[in-house]
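my_file12.tsv follows (TSV, C-alpha atoms and all ligand atoms):
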chain	number	residue	atom	x	y	z
A	1	MET	CA	-12.77	-11.60	4.79
A	2	LYS	CA	-13.35	-15.10	6.08
A	3	TYR	CA	-10.82	-17.51	7.49
A	4	ASN	CA	-11.30	-21.15	6.58
A	5	THR	CA	-12.41	-22.12	10.08
A	6	ASP	CA	-13.79	-25.48	8.85
A	7	THR	CA	-10.35	-27.07	8.39
A	8	PRO	CA	-9.69	-29.02	11.58
A	9	SER	CA	-6.48	-30.98	11.02
A	10	PRO	CA	-3.85	-29.86	11.47
A	11	ASN	CA	-5.37	-26.85	13.13
A	12	ILE	CA	-3.12	-23.95	12.10
A	13	ALA	CA	-3.44	-20.65	13.91
A	14	ALA	CA	-1.49	-17.42	14.17
A	15	VAL	CA	-0.68	-14.94	16.89
A	16	ILE	CA	-0.11	-11.39	15.66
A	17	VAL	CA	1.72	-9.35	18.26
A	18	CYS	CA	0.65	-5.70	18.28
A	19	ALA	CA	1.10	-4.72	21.92
A	20	GLY	CA	4.29	-2.68	21.51
A	21	LYS	CA	4.40	1.09	21.87
A	22	GLY	CA	6.49	1.50	18.73
A	23	GLU	CA	8.12	4.64	20.09
A	24	ARG	CA	10.81	4.65	17.40
A	25	SER	CA	8.11	5.28	14.77
A	26	GLN	CA	7.41	8.66	16.45
A	27	LEU	CA	3.74	8.21	15.59
A	28	PRO	CA	1.26	9.47	18.21
A	29	TYR	CA	-0.56	6.11	18.06
A	30	ASN	CA	0.22	2.39	17.69
A	31	LYS	CA	1.83	1.83	14.30
A	32	ILE	CA	-0.40	-1.18	13.55
A	33	LEU	CA	-3.31	1.30	13.37
A	34	HIS	CA	-1.45	3.42	10.83
A	35	GLN	CA	-3.14	3.58	7.44
A	36	ILE	CA	-1.15	2.76	4.30
A	37	GLY	CA	-3.25	3.30	1.19
A	38	ARG	CA	-6.72	2.02	2.05
A	39	LYS	CA	-5.80	-0.35	4.89
A	40	THR	CA	-4.29	-0.21	8.33
A	41	VAL	CA	-1.00	-2.02	8.94
A	42	LEU	CA	-2.92	-4.66	10.95
A	43	GLU	CA	-5.48	-5.26	8.18
A	44	MET	CA	-2.69	-5.76	5.64
A	45	SER	CA	-1.34	-8.72	7.64
A	46	LEU	CA	-4.82	-10.09	8.45
A	47	ASP	CA	-5.79	-10.06	4.77
A	48	THR	CA	-2.64	-11.94	3.77
A	49	PHE	CA	-2.99	-14.55	6.53
A	50	ALA	CA	-6.61	-15.08	5.42
A	51	MET	CA	-5.31	-16.31	2.04
A	52	THR	CA	-3.36	-19.16	3.67
A	53	LYS	CA	-4.05	-22.39	5.59
A	54	VAL	CA	-4.28	-20.39	8.83
A	55	ASN	CA	-7.71	-21.05	10.42
A	56	HIS	CA	-7.65	-18.54	13.24
A	57	VAL	CA	-5.73	-15.43	14.26
A	58	THR	CA	-5.32	-14.08	17.77
A	59	VAL	CA	-4.31	-10.41	17.81
A	60	VAL	CA	-2.46	-9.40	20.97
A	61	THR	CA	-2.76	-5.72	21.77
A	62	SER	CA	-2.58	-3.26	24.65
A	63	ALA	CA	-5.66	-2.38	26.72
A	64	GLU	CA	-5.43	1.12	25.28
A	65	ASP	CA	-5.71	-0.06	21.66
A	66	LEU	CA	-8.32	-2.73	22.38
A	67	PRO	CA	-11.32	-0.67	21.12
A	68	ALA	CA	-9.58	0.24	17.85
A	69	VAL	CA	-8.43	-3.34	17.24
A	70	ASN	CA	-11.91	-4.67	18.09
A	71	ASP	CA	-13.29	-2.30	15.50
A	72	ILE	CA	-10.93	-3.65	12.84
A	73	ILE	CA	-11.40	-7.34	13.59
A	74	SER	CA	-15.20	-7.04	13.69
A	75	THR	CA	-15.11	-7.28	9.88
A	76	TYR	CA	-13.27	-10.64	9.99
A	77	ASP	CA	-14.47	-14.15	10.88
A	78	GLY	CA	-11.97	-16.26	12.82
A	79	VAL	CA	-10.02	-13.40	14.39
A	80	SER	CA	-10.06	-12.67	18.11
A	81	VAL	CA	-8.16	-10.28	20.33
A	82	VAL	CA	-6.52	-10.54	23.75
A	83	THR	CA	-4.60	-7.97	25.77
A	84	GLY	CA	-0.88	-8.46	26.09
A	85	GLY	CA	1.66	-7.89	28.81
A	86	ASP	CA	4.36	-5.29	29.35
A	87	THR	CA	6.95	-7.32	27.40
A	88	ARG	CA	6.84	-9.08	24.04
A	89	PHE	CA	7.44	-12.37	25.88
A	90	LYS	CA	4.31	-11.94	28.02
A	91	SER	CA	2.27	-10.81	25.03
A	92	VAL	CA	3.21	-13.84	22.94
A	93	LEU	CA	2.41	-16.11	25.89
A	94	ALA	CA	-1.02	-14.51	26.26
A	95	GLY	CA	-1.64	-15.06	22.55
A	96	LEU	CA	-0.48	-18.69	22.69
A	97	LYS	CA	-2.73	-19.51	25.66
A	98	ALA	CA	-5.76	-17.91	24.02
A	99	TYR	CA	-6.07	-20.46	21.22
A	100	PRO	CA	-4.59	-23.99	21.49
A	101	CYS	CA	-3.89	-25.57	18.09
A	102	ASP	CA	-1.47	-27.91	16.28
A	103	ILE	CA	0.75	-25.41	14.46
A	104	VAL	CA	1.08	-21.79	15.55
A	105	LEU	CA	2.63	-18.91	13.63
A	106	ILE	CA	3.88	-15.93	15.61
A	107	HIS	CA	3.99	-12.73	13.59
A	108	ASP	CA	4.98	-9.13	14.29
A	109	GLY	CA	2.06	-6.78	13.62
A	110	ALA	CA	4.57	-4.30	12.21
A	111	ARG	CA	5.37	-6.54	9.21
A	112	PRO	CA	2.41	-5.81	6.90
A	113	TYR	CA	4.23	-6.73	3.67
A	114	VAL	CA	4.50	-10.44	4.52
A	115	SER	CA	3.49	-12.57	1.54
A	116	LYS	CA	1.25	-15.61	1.31
A	117	GLU	CA	4.25	-17.60	0.01
A	118	VAL	CA	6.44	-16.79	3.04
A	119	ILE	CA	3.59	-17.73	5.41
A	120	GLU	CA	3.02	-21.04	3.59
A	121	ARG	CA	6.74	-21.87	3.71
A	122	THR	CA	6.86	-21.45	7.49
A	123	ILE	CA	3.73	-23.62	7.87
A	124	ASP	CA	5.09	-26.43	5.64
A	125	SER	CA	8.38	-26.41	7.52
A	126	ALA	CA	6.65	-26.52	10.93
A	127	VAL	CA	4.49	-29.43	9.77
A	128	ASN	CA	7.57	-31.33	8.56
A	129	THR	CA	10.27	-30.37	11.10
A	130	GLY	CA	8.52	-28.76	14.07
A	131	SER	CA	9.43	-25.19	13.14
A	132	GLY	CA	9.81	-22.72	10.27
A	133	ILE	CA	11.54	-19.38	10.81
A	134	ALA	CA	11.31	-16.84	7.97
A	135	ALA	CA	14.77	-15.35	7.42
A	136	VAL	CA	16.83	-13.71	4.69
A	137	PRO	CA	20.59	-13.83	4.08
A	138	SER	CA	22.27	-10.83	5.64
A	139	VAL	CA	23.04	-8.14	3.08
A	140	ASP	CA	25.22	-6.01	5.34
A	141	THR	CA	28.52	-7.17	6.72
A	142	VAL	CA	27.83	-7.69	10.40
A	143	LYS	CA	30.52	-6.82	12.98
A	144	TYR	CA	30.74	-8.28	16.44
A	145	VAL	CA	31.88	-5.48	18.76
A	146	GLU	CA	33.27	-6.00	22.25
A	147	ASN	CA	35.24	-3.43	24.27
A	148	GLY	CA	35.56	-1.21	21.21
A	149	LYS	CA	37.19	-3.99	19.16
A	150	THR	CA	35.39	-5.39	16.15
A	151	ARG	CA	35.42	-8.84	14.70
A	152	SER	CA	33.91	-9.66	11.33
A	153	LEU	CA	31.51	-12.53	11.08
A	154	PRO	CA	31.26	-14.79	8.01
A	155	ARG	CA	28.41	-13.17	6.07
A	156	ALA	CA	27.54	-16.34	4.16
A	157	LYS	CA	26.40	-17.93	7.42
A	158	LEU	CA	24.42	-14.93	8.70
A	159	PHE	CA	20.68	-14.55	8.30
A	160	ASN	CA	18.26	-11.86	9.44
A	161	ALA	CA	15.33	-13.47	11.21
A	162	GLN	CA	11.87	-12.20	10.35
A	163	THR	CA	8.37	-13.30	11.20
A	164	PRO	CA	6.24	-15.32	10.86
A	165	GLN	CA	7.95	-17.97	12.92
A	166	ALA	CA	5.91	-21.17	12.92
A	167	PHE	CA	6.13	-23.92	15.53
A	168	ARG	CA	4.45	-27.05	16.69
A	169	TYR	CA	2.12	-25.63	19.33
A	170	ASP	CA	3.08	-28.10	22.09
A	171	GLN	CA	6.81	-27.44	21.55
A	172	ILE	CA	6.65	-23.62	21.61
A	173	VAL	CA	4.32	-23.65	24.64
A	174	ASP	CA	6.79	-26.00	26.35
A	175	ALA	CA	9.68	-23.66	25.45
A	176	TYR	CA	7.81	-20.61	26.74
A	177	SER	CA	6.93	-22.36	29.99
A	178	ARG	CA	10.60	-23.17	30.66
A	179	ALA	CA	12.26	-20.02	29.28
A	180	GLN	CA	14.28	-17.74	31.52
A	181	GLY	CA	16.09	-14.55	30.52
A	182	THR	CA	15.46	-12.10	27.73
A	183	PHE	CA	14.77	-13.04	24.15
A	184	THR	CA	14.45	-10.99	20.97
A	185	ASP	CA	12.40	-13.51	19.03
A	186	ASP	CA	10.48	-16.74	19.42
A	187	ALA	CA	13.13	-18.86	17.69
A	188	GLU	CA	15.48	-17.90	20.51
A	189	VAL	CA	12.93	-19.00	23.13
A	190	TYR	CA	12.49	-22.27	21.21
A	191	GLU	CA	16.26	-22.74	21.02
A	192	SER	CA	16.69	-22.07	24.75
A	193	ALA	CA	14.50	-25.10	25.47
A	194	GLY	CA	16.80	-27.32	23.41
A	195	TYR	CA	14.86	-27.31	20.15
A	196	SER	CA	16.63	-26.59	16.88
A	197	PRO	CA	14.69	-24.09	14.71
A	198	THR	CA	14.53	-24.58	10.94
A	199	ILE	CA	15.15	-21.55	8.71
A	200	VAL	CA	12.94	-20.98	5.66
A	201	GLU	CA	13.24	-18.37	2.92
A	202	GLY	CA	11.71	-15.05	3.97
A	203	SER	CA	11.55	-11.97	1.77
A	204	TYR	CA	13.42	-8.66	1.65
A	205	ASP	CA	10.01	-6.99	1.18
A	206	ASN	CA	8.90	-8.32	4.55
A	207	ILE	CA	10.28	-5.33	6.44
A	208	LYS	CA	9.42	-4.41	9.99
A	209	LEU	CA	8.03	-0.89	10.11
A	210	THR	CA	10.16	0.74	12.77
A	211	THR	CA	11.49	4.25	12.11
A	212	PRO	CA	9.63	7.29	10.66
A	213	SER	CA	11.27	6.74	7.26
A	214	ASP	CA	9.67	3.28	7.02
A	215	PHE	CA	6.28	4.98	7.04
A	216	VAL	CA	7.18	7.66	4.51
A	217	ALA	CA	8.81	5.30	2.03
A	218	SER	CA	6.57	4.70	-0.95
A	219	ARG	CA	5.81	1.11	-1.86
A	220	GLY	CA	5.91	1.82	-5.61
A	221	GLY	CA	3.29	3.67	-7.61
A	222	ARG	CA	0.15	3.04	-9.60
A	223	ILE	CA	0.09	4.04	-13.25
A	224	GLY	CA	-2.97	5.58	-14.88
A	225	VAL	CA	-3.80	6.50	-18.48
A	226	GLY	CA	-6.52	8.67	-20.01
A	227	TYR	CA	-7.54	9.66	-23.54
A	228	ASP	CA	-10.15	12.03	-24.92
A	229	LEU	CA	-11.16	13.67	-28.21
A	230	HIS	CA	-13.64	16.46	-28.93
A	231	ARG	CA	-14.89	17.88	-32.21
A	232	LEU	CA	-14.06	21.50	-33.09
A	233	CYS	CA	-16.99	23.75	-34.00
A	234	GLU	CA	-18.00	27.40	-34.23
A	235	ASN	CA	-19.51	29.47	-31.42
A	236	ARG	CA	-17.67	27.61	-28.65
A	237	LYS	CA	-14.69	28.69	-26.58
A	238	LEU	CA	-11.51	26.66	-26.87
A	239	ILE	CA	-10.44	25.74	-23.34
A	240	LEU	CA	-7.37	23.59	-22.67
A	241	GLY	CA	-6.22	22.85	-19.14
A	242	GLY	CA	-8.62	25.51	-17.88
A	243	VAL	CA	-7.01	28.19	-20.05
A	244	ASN	CA	-8.98	30.16	-22.66
A	245	VAL	CA	-7.16	29.75	-25.96
A	246	ASP	CA	-7.50	32.46	-28.59
A	247	TYR	CA	-8.85	30.56	-31.61
A	248	PRO	CA	-11.93	31.01	-33.84
A	249	LEU	CA	-13.23	27.49	-33.09
A	250	GLY	CA	-13.99	25.75	-29.82
A	251	LEU	CA	-14.56	22.17	-28.68
A	252	LEU	CA	-18.06	20.72	-28.66
A	253	GLY	CA	-19.22	18.94	-25.53
A	254	HIS	CA	-21.67	18.82	-22.63
A	255	SER	CA	-19.21	20.46	-20.22
A	256	ASP	CA	-16.69	23.06	-21.37
A	257	ALA	CA	-15.16	20.18	-23.42
A	258	ASP	CA	-11.67	20.78	-22.01
A	259	VAL	CA	-10.19	17.73	-23.69
A	260	LEU	CA	-6.83	17.97	-21.89
A	261	THR	CA	-8.37	18.16	-18.42
A	262	HIS	CA	-10.67	15.26	-19.30
A	263	ALA	CA	-7.71	13.05	-20.26
A	264	ILE	CA	-5.91	13.98	-17.03
A	265	MET	CA	-9.00	13.21	-14.93
A	266	ASP	CA	-9.34	9.77	-16.51
A	267	ALA	CA	-5.64	9.06	-15.95
A	268	LEU	CA	-5.97	9.94	-12.26
A	269	LEU	CA	-9.16	7.91	-11.85
A	270	SER	CA	-7.75	4.84	-13.57
A	271	ALA	CA	-4.61	4.92	-11.42
A	272	ALA	CA	-6.80	5.17	-8.29
A	273	ASP	CA	-8.97	2.26	-9.53
A	274	LEU	CA	-12.06	4.48	-9.67
A	275	PRO	CA	-14.79	4.74	-12.35
A	276	ASP	CA	-14.03	7.05	-15.30
A	277	ILE	CA	-15.45	10.54	-15.87
A	278	GLY	CA	-18.20	9.23	-18.14
A	279	VAL	CA	-19.55	7.33	-15.12
A	280	LEU	CA	-18.83	10.00	-12.50
A	281	PHE	CA	-20.05	13.02	-14.49
A	282	PRO	CA	-22.58	11.69	-17.06
A	283	ASP	CA	-23.32	14.00	-20.00
A	284	THR	CA	-27.02	13.29	-19.47
A	285	ASP	CA	-26.91	15.23	-16.19
A	286	ASP	CA	-27.77	18.93	-16.58
A	287	LYS	CA	-25.66	19.64	-13.51
A	288	TYR	CA	-22.60	19.31	-15.74
A	289	LEU	CA	-23.85	21.44	-18.66
A	290	ASN	CA	-21.07	23.86	-19.61
A	291	ILE	CA	-19.39	23.24	-16.25
A	292	SER	CA	-15.71	24.15	-15.95
A	293	SER	CA	-13.69	20.95	-16.18
A	294	ILE	CA	-11.30	22.41	-13.61
A	295	THR	CA	-14.18	22.20	-11.08
A	296	LEU	CA	-14.56	18.52	-11.98
A	297	LEU	CA	-10.79	18.01	-11.78
A	298	LYS	CA	-10.84	19.20	-8.18
A	299	GLN	CA	-13.62	16.71	-7.40
A	300	VAL	CA	-11.54	13.96	-8.99
A	301	LEU	CA	-8.55	15.00	-6.89
A	302	ASP	CA	-10.70	14.76	-3.73
A	303	LYS	CA	-11.66	11.20	-4.67
A	304	VAL	CA	-8.05	10.25	-5.37
A	305	VAL	CA	-6.91	11.65	-2.01
A	306	ALA	CA	-9.81	9.94	-0.21
A	307	GLY	CA	-8.67	6.70	-1.83
A	308	GLY	CA	-5.32	7.07	-0.08
A	309	TYR	CA	-3.23	8.35	-2.97
A	310	LYS	CA	-1.21	11.39	-3.94
A	311	ILE	CA	0.07	12.47	-7.31
A	312	GLY	CA	3.59	11.44	-8.19
A	313	ASN	CA	3.59	13.04	-11.64
A	314	ILE	CA	1.40	13.63	-14.67
A	315	SER	CA	2.50	13.63	-18.29
A	316	ALA	CA	0.06	14.74	-20.99
A	317	VAL	CA	0.07	15.33	-24.74
A	318	VAL	CA	-2.39	17.55	-26.65
A	319	ILE	CA	-2.85	16.42	-30.25
A	320	ALA	CA	-3.97	19.34	-32.44
A	321	GLN	CA	-3.17	20.58	-35.92
A	322	GLN	CA	-4.10	24.15	-34.97
A	323	PRO	CA	-3.60	26.39	-33.04
A	324	LYS	CA	0.10	26.35	-32.21
A	325	LEU	CA	0.13	25.57	-28.51
A	326	ALA	CA	3.80	26.01	-27.60
A	327	PRO	CA	3.42	29.66	-26.50
A	328	ILE	CA	0.57	28.90	-24.08
A	329	ILE	CA	1.76	25.57	-22.67
A	330	PRO	CA	3.56	27.21	-19.71
A	331	ASN	CA	0.30	28.92	-18.80
A	332	ILE	CA	-1.71	25.68	-19.11
A	333	ARG	CA	0.88	23.84	-17.07
A	334	SER	CA	0.89	26.30	-14.17
A	335	ASN	CA	-2.91	26.49	-14.19
A	336	LEU	CA	-3.24	22.70	-13.87
A	337	ALA	CA	-0.47	22.49	-11.26
A	338	ALA	CA	-2.27	25.11	-9.15
A	339	ALA	CA	-5.62	23.33	-9.50
A	340	LEU	CA	-4.06	20.04	-8.39
A	341	GLY	CA	-1.85	21.53	-5.68
A	342	ILE	CA	1.32	20.07	-7.21
A	343	THR	CA	4.59	21.57	-8.41
A	344	LEU	CA	5.40	22.35	-12.06
A	345	LYS	CA	7.93	19.53	-11.99
A	346	GLN	CA	5.06	17.10	-11.32
A	347	ILE	CA	3.16	17.95	-14.48
A	348	ASN	CA	4.44	18.00	-18.01
A	349	ILE	CA	2.36	19.03	-21.01
A	350	SER	CA	3.47	18.67	-24.60
A	351	ALA	CA	1.76	19.18	-27.95
A	352	THR	CA	1.94	17.48	-31.29
A	353	THR	CA	0.14	17.47	-34.65
A	354	THR	CA	-0.93	14.55	-36.83
A	355	GLU	CA	0.85	15.83	-39.94
A	356	ARG	CA	-2.50	17.00	-41.37
A	357	LEU	CA	-3.79	13.43	-41.39
A	358	GLY	CA	-7.18	12.29	-40.18
A	359	ILE	CA	-9.91	14.13	-38.30
A	360	ILE	CA	-7.37	15.99	-36.14
A	361	GLY	CA	-5.03	16.80	-39.01
A	362	GLU	CA	-7.92	18.23	-41.01
A	363	GLY	CA	-8.60	20.61	-38.13
A	364	ASN	CA	-11.92	19.06	-37.08
A	365	ALA	CA	-10.98	17.78	-33.63
A	366	ILE	CA	-8.47	17.99	-30.81
A	367	ALA	CA	-7.43	14.99	-28.71
A	368	ALA	CA	-5.37	14.58	-25.57
A	369	THR	CA	-3.77	11.70	-23.74
A	370	ALA	CA	-2.41	11.68	-20.22
A	371	SER	CA	-0.50	9.31	-17.97
A	372	CYS	CA	0.10	9.64	-14.29
A	373	ILE	CA	1.70	7.89	-11.34
A	374	LEU	CA	-0.06	7.89	-8.00
A	375	THR	CA	1.71	6.93	-4.80
A	376	GLU	CA	0.09	5.70	-1.62
A	377	THR	CA	-0.18	8.24	1.15
A	378	THR	CA	0.41	7.30	4.74
A	379	ASP	CA	-1.53	10.20	6.18
A	380	GLY	CA	-4.40	10.87	3.75
A	381	GLN	CA	-2.88	14.23	2.79
A	382	ASN	CA	-2.03	15.15	-0.80
A	401	MG	MG	-14.34	14.64	-22.87
Starting from the file, give its structure as structure tokens.
Amino acid sequence: MKYNTDTPSPNIAAVIVCAGKGERSQLPYNKILHQIGRKTVLEMSLDTFAMTKVNHVTVVTSAEDLPAVNDIISTYDGVSVVTGGDTRFKSVLAGLKAYPCDIVLIHDGARPYVSKEVIERTIDSAVNTGSGIAAVPSVDTVKYVENGKTRSLPRAKLFNAQTPQAFRYDQIVDAYSRAQGTFTDDAEVYESAGYSPTIVEGSYDNIKLTTPSDFVASRGGRIGVGYDLHRLCENRKLILGGVNVDYPLGLLGHSDADVLTHAIMDALLSAADLPDIGVLFPDTDDKYLNISSITLLKQVLDKVVAGGYKIGNISAVVIAQQPKLAPIIPNIRSNLAAALGITLKQINISATTTERLGIIGEGNAIAATASCILTETTDGQN
């Protein structure tokens, strides 16, 4: 990833603040080092900022996390790191001093879902008005509480401030140099120096990862689909979902030709954005001659887990004129669930015929199709 460091004017830079302990997350390490899918929380923000007019990013972190952050930023051009102080205020100040520029965006490292559009809006506003504070209209009714008495505030006028918060560099440095007291965000520091911050549209997706549930919550799933067909012939076993099916014919193929398991493997691989089974297990390789497809399924599962995903659910259909599969479907289902380490509720298998039409209907082949949803893991465990 390369930042456009050639663009000199206006020179737009960002400070990403990652020096907090994040104790409310209950993670045993800094939450910005937490992996979501294939990236750490910090990388997610860095990658999004790299798509914008931002030329340089200064990451502010603690001395303790410096080696880990250095490791991450070594793969980026235009990103540097400084150590922060014991408060957010001191950390931001350290980040501001590290890289003078024209427009500076200050961003919480714990907001990895920030979008390119939100970043660009704060920049445009700072260029035009001196500042741009990402914020969203308050969804909850906010109460002002004093001495146990509550007072409702007019919701239409309430906004939740987010980051990034963009400022003219000279103005925010001036505000920081004069600020006294405690502040919860940079807009407040800016305000305390007599400047009037401009609000721009943030996003409800731009959440700040704070509590354990923020790290467990899935950010949607990835769909996958697979299809396979094998010819029926004599002198072969019929194996579906790893189960031996009592039938005079079997499926022809290089492996055990378990058409159902093949469709499921391709569904999983496509959802994980990995090459299909034809690429992973080529039928020209003797290693896979007559191999149990359940063995291959477990290898596919390992790849899916290594990619940062876990199975949400799988839904598959076997298309066969004969034999009648209904009596053995429960067996197939539990066999596949056990092989994948998932519950029965996570895998559904059904069967259908083709009304005696075509190659399947004439009893010459069996096909299967499978769909699945994968969700991102936060801990690499299935
Ligand atoms: Mg196949």
message: With 9 Å as the threshold, what does the neighbourhood of (-11.9, 8.9, -25.8) contain in terms of residues, counting all atoms listed in the file? Coordinates are those of the file; answer as JSON, numbers by chain.
response: {"A": [226, 227, 228, 229, 230, 263, 367, 368, 369]}
Go ahead and dump the residues you just picked, C-alpha atoms, as a short mmCIF file (atom, residue, chain, number, x, y, z; two decimals), in the coordinates of the input.
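Output contents, as saved in result-v2.cif:
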data_model
loop_
_atom_site.label_atom_id
_atom_site.label_comp_id
_atom_site.auth_asym_id
_atom_site.auth_seq_id
_atom_site.Cartn_x
_atom_site.Cartn_y
_atom_site.Cartn_z
CA GLY A 226 -6.52 8.67 -20.01
CA TYR A 227 -7.54 9.66 -23.54
CA ASP A 228 -10.15 12.03 -24.92
CA LEU A 229 -11.16 13.67 -28.21
CA HIS A 230 -13.64 16.46 -28.93
CA ALA A 263 -7.71 13.05 -20.26
CA ALA A 367 -7.43 14.99 -28.71
CA ALA A 368 -5.37 14.58 -25.57
CA THR A 369 -3.77 11.70 -23.74
#
- request: Could I get the residue neighbourhood of ligand MG 401 (chain A) at 6 Å, counting only C-alpha atoms and all ligand atoms, as a list in words?
  value: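 My answer, listing the contacting residues, is Asp228, Ala257, Val259 and His262 of chain A.
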query: Given the choices A:Asn55, A:Gln322, A:Ser192, A:Ser138, which gets closest to Pro100 of chain A if the distance is worked out from all atoms listed in the file?
result: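 Among the listed residues, the smallest separation from Pro100 of chain A belongs to A:Asn55.
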- request: Can you pull out every residue within 9 Å of segment 356-363 of chain A, counting all atoms listed in the file, but drop anything in the same chain fewer than 2 positions away, and send it as a VMD selection string?
  value: chain A and resid 231 to 232 319 to 322 353 to 354 365 to 367
task: Mind giving me the straight-line distance from atom CA of Lys143 of chain A to atom CA of Ala166 of chain A in Å, one decimal?
output: 28.5 Å
message: Give me, as a VMD selection string, all polymer residues having an atom no more than 12 Å from Ser125 of chain A, counting only C-alpha atoms and skipping those fewer than 5 positions away in the same chain.
response: chain A and resid 103 to 105 118 to 120 130 to 134 164 to 168 197 to 201
Report the centre and edge lengths, in Å to one decimal, of an axis-aligned box enclosing every atom of segment 249-267 of chain A listed in the file, padded by 5 Å on each side, as AutoDock Vina command-line options.
--center_x -13.7 --center_y 18.3 --center_z -24.0 --size_x 26.0 --size_y 28.4 --size_z 28.2
query: With all atoms listed in the file as the atoms that count, which of A:Thr58, A:Gln346, A:Thr48, A:Ser334 lies nearest to Val15 of chain A?
result: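 For Val15 of chain A, the nearest of the given residues is A:Thr58.
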field: Atom-to-atom span, atom CA of Val59 of chain A and atom CA of Thr163 of chain A, Å
entry: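 Answer for the atom CA of Val59 of chain A to atom CA of Thr163 of chain A separation: 14.6 Å.
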- request: Could you check how far atom CA of Gly109 of chain A sits from atom CA of Cys18 of chain A, in Å to one decimal?
  value: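 The value is 5.0 Å.
When all atoms listed in the file are used to measure the gap to Val60 of chain A, the shortest distance among A:Ala94, A:Val41, A:Leu153, A:Leu268 belongs to A:Ala94.
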query: What lies within 8 Å of Val225 of chain A using only C-alpha atoms, ignoring chain neighbours under 6 positions off, as JSON, numbers by chain?
result: {"A": [263, 264, 266, 267, 268, 270, 271, 369, 370, 371, 372]}
- prompt: Near Lys237 of chain A, within 8 Å and counting all atoms listed in the file, which residues show up once chain neighbours fewer than 6 positions away are dropped, as a list in words?
  reply: Asn244, Val245, Tyr247, Leu249, Gly250, Leu251 and Asp256 of chain A
- prompt: Nearest to Asn290 of chain A: which of A:Arg24, A:Arg236, A:Lys310, A:Arg333 is it, counting all atoms listed in the file?
  reply: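 Ranked by minimum distance to Asn290 of chain A, first place goes to A:Arg236.
Using all atoms listed in the file for every distance, the candidate list A:Val54, A:Phe89, A:Gly20, A:Leu96 yields A:Val54 as the residue closest to Asp124 of chain A.
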- request: Tell me, as a ChimeraX atom specification, which residues lie within 12 Å of Glu43 of chain A, counting all atoms listed in the file; anything in the same chain fewer than 5 positions away does not count.
  value: /A:1,16,18,31-38,48-50,57,59,68-76,79,109-114
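With all atoms listed in the file as the atoms that count, the residue of A:Gly253, A:Leu374, A:Gln26, A:Asp246 with the shortest distance to Leu301 of chain A is A:Leu374.
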